[in-house]
file run.csv (CSV, C-alpha atoms)
chain,number,residue,atom,x,y,z
A,1,MET,CA,-31.4,24.0,55.6
A,2,ALA,CA,-31.2,27.5,57.0
A,3,THR,CA,-31.0,29.0,53.5
A,4,ASP,CA,-34.1,27.5,52.0
A,5,ASN,CA,-36.4,30.5,52.7
A,6,ARG,CA,-34.2,33.2,51.4
A,7,PRO,CA,-35.8,35.6,49.0
A,8,THR,CA,-35.2,34.6,45.4
A,9,SER,CA,-34.9,36.8,42.3
A,10,PRO,CA,-38.3,37.9,40.8
A,11,HIS,CA,-39.9,35.1,38.8
A,12,ILE,CA,-40.4,35.6,35.1
A,13,GLY,CA,-44.2,35.5,35.7
A,14,ILE,CA,-44.3,38.9,37.4
A,15,TYR,CA,-42.1,40.8,34.8
A,16,ARG,CA,-43.7,43.3,32.5
A,17,TRP,CA,-43.1,42.2,28.9
A,18,GLN,CA,-40.0,43.6,27.3
A,19,ILE,CA,-38.5,43.1,23.9
A,20,THR,CA,-35.1,42.3,25.5
A,21,MET,CA,-36.5,39.3,27.3
A,22,THR,CA,-38.4,38.1,24.3
A,23,MET,CA,-35.1,38.2,22.3
A,24,SER,CA,-33.3,36.3,25.0
A,25,ILE,CA,-35.9,33.5,25.0
A,26,LEU,CA,-36.0,33.5,21.3
A,27,HIS,CA,-32.2,33.1,21.2
A,28,ARG,CA,-32.5,29.8,23.1
A,29,ALA,CA,-35.6,28.7,21.1
A,30,THR,CA,-33.9,29.3,17.8
A,31,GLY,CA,-30.8,27.4,19.1
A,32,ILE,CA,-32.9,24.4,19.9
A,33,ALA,CA,-34.6,24.7,16.5
A,34,LEU,CA,-31.2,24.8,14.8
A,35,ALA,CA,-30.1,21.7,16.7
A,36,VAL,CA,-33.1,19.9,15.2
A,37,GLY,CA,-32.4,21.4,11.8
A,38,SER,CA,-28.9,20.1,11.8
A,39,LEU,CA,-30.3,16.6,11.7
A,40,ALA,CA,-32.0,17.6,8.4
A,41,LEU,CA,-28.7,19.0,7.2
A,42,VAL,CA,-26.8,15.8,7.9
A,43,TYR,CA,-29.7,13.8,6.2
A,44,TRP,CA,-29.1,15.9,3.1
A,45,PHE,CA,-25.3,15.1,3.2
A,46,ILE,CA,-26.1,11.4,3.6
A,47,ALA,CA,-28.7,11.4,0.9
A,48,THR,CA,-26.2,13.0,-1.5
A,49,ALA,CA,-23.5,10.4,-0.6
A,50,MET,CA,-25.9,7.6,-1.2
A,51,GLY,CA,-26.7,8.4,-4.8
A,52,PRO,CA,-29.1,10.1,-7.2
A,53,ALA,CA,-32.2,8.2,-6.0
A,54,SER,CA,-31.9,9.1,-2.3
A,55,TYR,CA,-30.9,12.6,-3.3
A,56,ALA,CA,-34.1,12.9,-5.3
A,57,THR,CA,-36.1,11.6,-2.3
A,58,ALA,CA,-34.5,14.2,0.0
A,59,HIS,CA,-35.4,17.0,-2.4
A,60,THR,CA,-39.0,15.8,-2.7
A,61,LEU,CA,-39.1,15.9,1.1
A,62,PHE,CA,-37.5,19.3,1.4
A,63,GLY,CA,-39.7,20.5,-1.5
A,64,SER,CA,-43.0,19.5,0.1
A,65,TRP,CA,-45.0,22.3,1.8
A,66,LEU,CA,-44.0,21.0,5.3
A,67,GLY,CA,-40.4,20.9,4.1
A,68,GLN,CA,-40.5,24.4,2.8
A,69,LEU,CA,-42.1,25.7,6.0
A,70,LEU,CA,-39.4,24.1,8.0
A,71,MET,CA,-36.7,25.5,5.7
A,72,TRP,CA,-38.1,29.1,6.1
A,73,GLY,CA,-38.2,28.5,9.9
A,74,TRP,CA,-34.7,27.2,10.0
A,75,THR,CA,-33.4,30.0,7.8
A,76,PHE,CA,-34.9,32.6,10.1
A,77,SER,CA,-33.7,30.8,13.2
A,78,LEU,CA,-30.2,30.6,11.7
A,79,PHE,CA,-29.9,34.3,10.9
A,80,TYR,CA,-31.6,35.4,14.2
A,81,HIS,CA,-29.3,33.1,16.2
A,82,LEU,CA,-26.3,34.3,14.2
A,83,CYS,CA,-27.1,38.0,14.6
A,84,ASN,CA,-28.1,37.8,18.2
A,85,GLY,CA,-25.1,35.6,18.9
A,86,ILE,CA,-22.9,38.4,17.6
A,87,ARG,CA,-24.8,40.7,20.0
A,88,HIS,CA,-23.9,38.3,22.8
A,89,LEU,CA,-20.3,38.2,21.8
A,90,PHE,CA,-20.1,42.0,22.2
A,91,TRP,CA,-21.7,41.7,25.7
A,92,ASP,CA,-19.1,39.1,26.5
A,93,ALA,CA,-16.4,41.6,25.5
A,94,GLY,CA,-18.1,44.0,28.0
A,95,LYS,CA,-19.6,46.3,25.4
A,96,GLY,CA,-23.2,47.5,24.8
A,97,PHE,CA,-24.7,47.2,28.3
A,98,GLU,CA,-26.4,50.7,28.4
A,99,ILE,CA,-30.2,50.4,28.1
A,100,LYS,CA,-30.1,52.6,25.0
A,101,ASP,CA,-27.5,50.3,23.4
A,102,LEU,CA,-29.4,47.2,24.3
A,103,TYR,CA,-32.5,48.4,22.5
A,104,ALA,CA,-30.5,49.7,19.5
A,105,SER,CA,-28.6,46.4,19.1
A,106,GLY,CA,-31.8,44.4,19.7
A,107,TYR,CA,-33.7,46.2,16.9
A,108,THR,CA,-30.7,45.9,14.6
A,109,VAL,CA,-30.7,42.2,15.1
A,110,TRP,CA,-34.4,42.0,14.1
A,111,VAL,CA,-33.9,44.1,11.0
A,112,VAL,CA,-30.7,42.3,9.8
A,113,ALA,CA,-32.1,38.8,10.6
A,114,LEU,CA,-35.4,39.4,8.8
A,115,GLY,CA,-33.6,41.1,5.9
A,116,LEU,CA,-31.2,38.2,5.4
A,117,THR,CA,-34.0,35.7,5.8
A,118,VAL,CA,-36.1,37.4,3.1
A,119,LEU,CA,-33.0,37.7,0.8
A,120,THR,CA,-32.1,34.1,1.2
A,121,VAL,CA,-35.7,32.9,0.6
A,122,VAL,CA,-36.0,35.1,-2.5
A,123,LEU,CA,-32.6,33.9,-3.9
A,124,ALA,CA,-33.6,30.3,-3.2
A,125,TYR,CA,-36.8,30.6,-5.3
A,126,MET,CA,-35.3,32.9,-7.9
A,127,LYS,CA,-34.0,30.2,-10.3
A,128,GLY,CA,-37.3,28.4,-9.9
A,129,GLY,CA,-38.2,25.2,-8.2
A,130,ALA,CA,-38.2,24.2,-4.6
A,131,ALA,CA,-35.2,23.8,-2.3
B,1,MET,CA,-31.1,16.4,55.9
B,2,SER,CA,-27.7,17.7,57.0
B,3,LEU,CA,-27.2,20.3,59.7
B,4,ARG,CA,-24.1,21.6,58.0
B,5,ASN,CA,-24.6,24.7,56.0
B,6,PRO,CA,-24.1,24.7,52.2
B,7,LEU,CA,-20.8,26.6,52.4
B,8,ALA,CA,-19.4,24.0,54.8
B,9,ARG,CA,-20.4,21.2,52.5
B,10,ALA,CA,-18.9,22.8,49.5
B,11,ARG,CA,-15.6,23.8,51.1
B,12,GLY,CA,-12.7,21.7,50.2
B,13,LEU,CA,-14.4,20.2,47.2
B,14,GLY,CA,-12.6,22.6,44.9
B,15,SER,CA,-14.1,24.4,41.9
B,16,ALA,CA,-16.0,22.5,39.2
B,17,LYS,CA,-13.0,23.4,37.0
B,18,GLU,CA,-14.7,22.7,33.7
B,19,GLY,CA,-17.0,25.8,33.6
B,20,THR,CA,-14.5,28.1,31.9
B,21,LEU,CA,-13.7,25.6,29.2
B,22,HIS,CA,-17.5,25.3,28.5
B,23,TRP,CA,-17.8,29.1,28.3
B,24,VAL,CA,-14.8,29.7,26.1
B,25,GLY,CA,-15.6,26.7,23.9
B,26,GLN,CA,-19.1,28.0,23.3
B,27,ARG,CA,-17.8,31.5,22.3
B,28,VAL,CA,-14.9,30.3,20.2
B,29,SER,CA,-17.1,27.9,18.3
B,30,ALA,CA,-19.7,30.7,17.8
B,31,LEU,CA,-16.9,32.9,16.4
B,32,ALA,CA,-15.9,30.1,13.9
B,33,LEU,CA,-19.5,29.5,12.9
B,34,ILE,CA,-20.0,33.1,11.8
B,35,PRO,CA,-18.0,32.8,8.6
B,36,LEU,CA,-18.6,29.1,8.2
B,37,THR,CA,-22.4,29.5,8.3
B,38,LEU,CA,-22.4,32.5,5.9
B,39,TRP,CA,-20.2,30.5,3.5
B,40,PHE,CA,-22.4,27.5,3.7
B,41,VAL,CA,-25.7,29.3,3.1
B,42,TYR,CA,-24.2,31.2,0.2
B,43,SER,CA,-22.8,28.0,-1.3
B,44,VAL,CA,-26.0,26.1,-0.9
B,45,LEU,CA,-27.9,28.9,-2.7
B,46,LEU,CA,-25.5,28.5,-5.6
B,47,VAL,CA,-25.6,24.7,-5.9
B,48,MET,CA,-29.2,24.0,-4.8
B,49,HIS,CA,-30.7,24.3,-8.3
B,50,GLY,CA,-28.0,22.3,-10.0
B,51,GLY,CA,-29.4,18.9,-8.9
B,52,TYR,CA,-27.5,15.9,-7.7
B,53,GLU,CA,-24.5,16.2,-10.0
B,54,GLN,CA,-23.7,19.8,-9.0
B,55,ALA,CA,-24.1,19.1,-5.3
B,56,ARG,CA,-21.7,16.2,-5.6
B,57,THR,CA,-19.2,18.1,-7.7
B,58,TRP,CA,-19.3,20.8,-5.1
B,59,MET,CA,-18.7,18.5,-2.1
B,60,HIS,CA,-16.0,16.7,-4.1
B,61,ALA,CA,-13.7,19.7,-4.1
B,62,PRO,CA,-11.0,19.4,-1.4
B,63,LEU,CA,-11.4,22.9,0.1
B,64,VAL,CA,-15.2,22.5,0.2
B,65,ALA,CA,-14.9,19.0,1.8
B,66,VAL,CA,-12.5,20.3,4.5
B,67,LEU,CA,-14.7,23.3,5.3
B,68,LEU,CA,-17.8,21.1,5.4
B,69,VAL,CA,-16.1,18.7,7.9
B,70,ILE,CA,-15.0,21.7,10.1
B,71,PHE,CA,-18.5,23.2,9.7
B,72,ILE,CA,-20.3,20.0,10.8
B,73,GLY,CA,-17.9,19.4,13.7
B,74,THR,CA,-18.1,22.9,15.0
B,75,ALA,CA,-21.8,23.2,14.6
B,76,PHE,CA,-22.5,20.0,16.6
B,77,TYR,CA,-20.0,20.9,19.2
B,78,HIS,CA,-21.7,24.3,19.6
B,79,ALA,CA,-25.2,22.6,19.5
B,80,TYR,CA,-24.1,20.2,22.3
B,81,LEU,CA,-22.8,22.9,24.5
B,82,GLY,CA,-26.1,24.9,24.1
B,83,LEU,CA,-28.4,21.9,24.6
B,84,GLN,CA,-26.4,20.9,27.7
B,85,MET,CA,-27.1,24.4,29.2
B,86,VAL,CA,-30.8,24.1,28.4
B,87,ILE,CA,-31.0,20.7,30.1
B,88,GLU,CA,-29.0,21.8,33.1
B,89,ASP,CA,-31.4,24.8,33.5
B,90,TYR,CA,-34.7,23.0,33.2
B,91,VAL,CA,-34.1,19.3,34.0
B,92,HIS,CA,-33.4,18.8,37.7
B,93,GLY,CA,-34.0,15.1,38.5
B,94,ALA,CA,-30.6,13.3,38.8
B,95,TRP,CA,-31.5,10.5,36.5
B,96,SER,CA,-33.5,12.5,34.0
B,97,LYS,CA,-30.8,15.1,33.9
B,98,PHE,CA,-27.8,12.9,33.4
B,99,GLY,CA,-29.9,10.5,31.2
B,100,SER,CA,-30.9,13.3,28.8
B,101,LEU,CA,-27.3,14.8,28.8
B,102,ILE,CA,-25.9,11.4,27.8
B,103,VAL,CA,-28.6,10.8,25.1
B,104,ILE,CA,-28.0,14.3,23.6
B,105,LYS,CA,-24.2,13.7,23.6
B,106,PHE,CA,-24.6,10.3,21.9
B,107,ILE,CA,-26.9,11.8,19.3
B,108,CYS,CA,-24.6,14.7,18.6
B,109,VAL,CA,-21.6,12.5,18.1
B,110,LEU,CA,-23.4,10.0,16.1
B,111,VAL,CA,-25.1,12.5,13.7
B,112,ALA,CA,-21.9,14.7,13.4
B,113,LEU,CA,-19.7,11.7,12.5
B,114,SER,CA,-22.4,10.4,10.1
B,115,GLY,CA,-22.4,13.8,8.3
B,116,ILE,CA,-18.6,14.0,8.2
B,117,PHE,CA,-18.4,10.4,6.9
B,118,ALA,CA,-21.0,11.3,4.2
B,119,VAL,CA,-18.9,14.3,3.1
B,120,LEU,CA,-15.6,12.3,3.1
B,121,ARG,CA,-17.2,9.5,1.2
B,122,ILE,CA,-18.2,12.0,-1.6
B,123,ALA,CA,-14.8,13.7,-1.3
B,124,PHE,CA,-12.8,10.5,-1.7
B,125,GLY,CA,-15.3,8.8,-4.0
B,126,GLY,CA,-15.2,8.8,-7.8

call {"tool": "encode", "arguments": {"input": "run.csv", "output": "structure tokens"}}
result
Amino acid sequence: MATDNRPTSPHIGIYRWQITMTMSILHRATGIALAVGSLALVYWFIATAMGPASYATAHTLFGSWLGQLLMWGWTFSLFYHLCNGIRHLFWDAGKGFEIKDLYASGYTVWVVALGLTVLTVVLAYMKGGAA
Amino acid sequence: MSLRNPLARARGLGSAKEGTLHWVGQRVSALALIPLTLWFVYSVLLVMHGGYEQARTWMHAPLVAVLLVIFIGTAFYHAYLGLQMVIEDYVHGAWSKFGSLIVIKFICVLVALSGIFAVLRIAFGG
């Protein structure tokens, strides 16, 4: 084909690292993580529907160190994807494309997402016991 | 190999037609998930230490059950649209692409309906 050797846009490998591109990659990564996490969510609903014994089993699993680690990861993924998703919705509305605004909204996403994650984890442990 | 250029091959086939629906669906589901997710996280924080009985009592309430069904449905719809984009971006073999798209769709429908069924079972159960 005549068009095969046309120049392509610069490949990711030659870009200087920027926070904006990290955030974009992380949006997709947290989205995939949340898709996996939603399996755990449905497992919790099913375990609750099946009765006290399976509910207890689910809580033992979620309460294990691996379960806790995953819950923290999913909590952060959730708030990051939520906050950055709102940032995306503003872009879709045509707002916030100035470089200055991009960085301001980007740092805001980090602060709010990390803040909500810490708040949720603290509240989750406050009354004692594991998730 | 065809000697016709790409434009000539595409001409007359029409637009894909479904791209806009995908784009809008992803954004509308995102919008719905903002309040639904915040409500869900807040509610789980409230009931998580109450054990089996409290979790069940919570899911048994009609408004909660309806919101949970909407939440599960919307979340898996949004998840499928996102995963579909990821696959379309990175998986290029015809069989592997359509194979993984179909598998992801089946899993999403199966898991979403299982979750909804579990919630309804608690909601309608004793």

call {"tool": "interface_residues", "arguments": {"input": "run.csv", "of": "chain B", "to": "chain A", "cutoff": "7 Å", "atoms": "only C-alpha atoms", "output": "ChimeraX atom specification"}}
result
/B:3,5,34,45,48,52,56,79,83,111,115,118-119,121-122

call {"tool": "residues_around", "arguments": {"input": "run.csv", "residues": "Ser105 (chain A)", "least_positions_apart": "2", "cutoff": "12 Å", "atoms": "all atoms listed in the file", "output": "list in words"}}
result
Ile19, Thr20, Met23, Cys83, Asn84, Gly85, Ile86, Arg87, His88, Leu89, Phe90, Trp91, Lys95, Gly96, Phe97, Glu98, Ile99, Lys100, Asp101, Leu102, Tyr103, Tyr107, Thr108, Val109, Trp110, Val111, Val112 and Ala113 of chain A

call {"tool": "atom_distance", "arguments": {"input": "run.csv", "atom1": "CA of Trp74 (chain A)", "atom2": "CA of Gly37 (chain A)"}}
result
6.5 Å

call {"tool": "atom_distance", "arguments": {"input": "run.csv", "atom1": "CA of Ile104 (chain B)", "atom2": "CA of His81 (chain A)"}}
result
20.2 Å
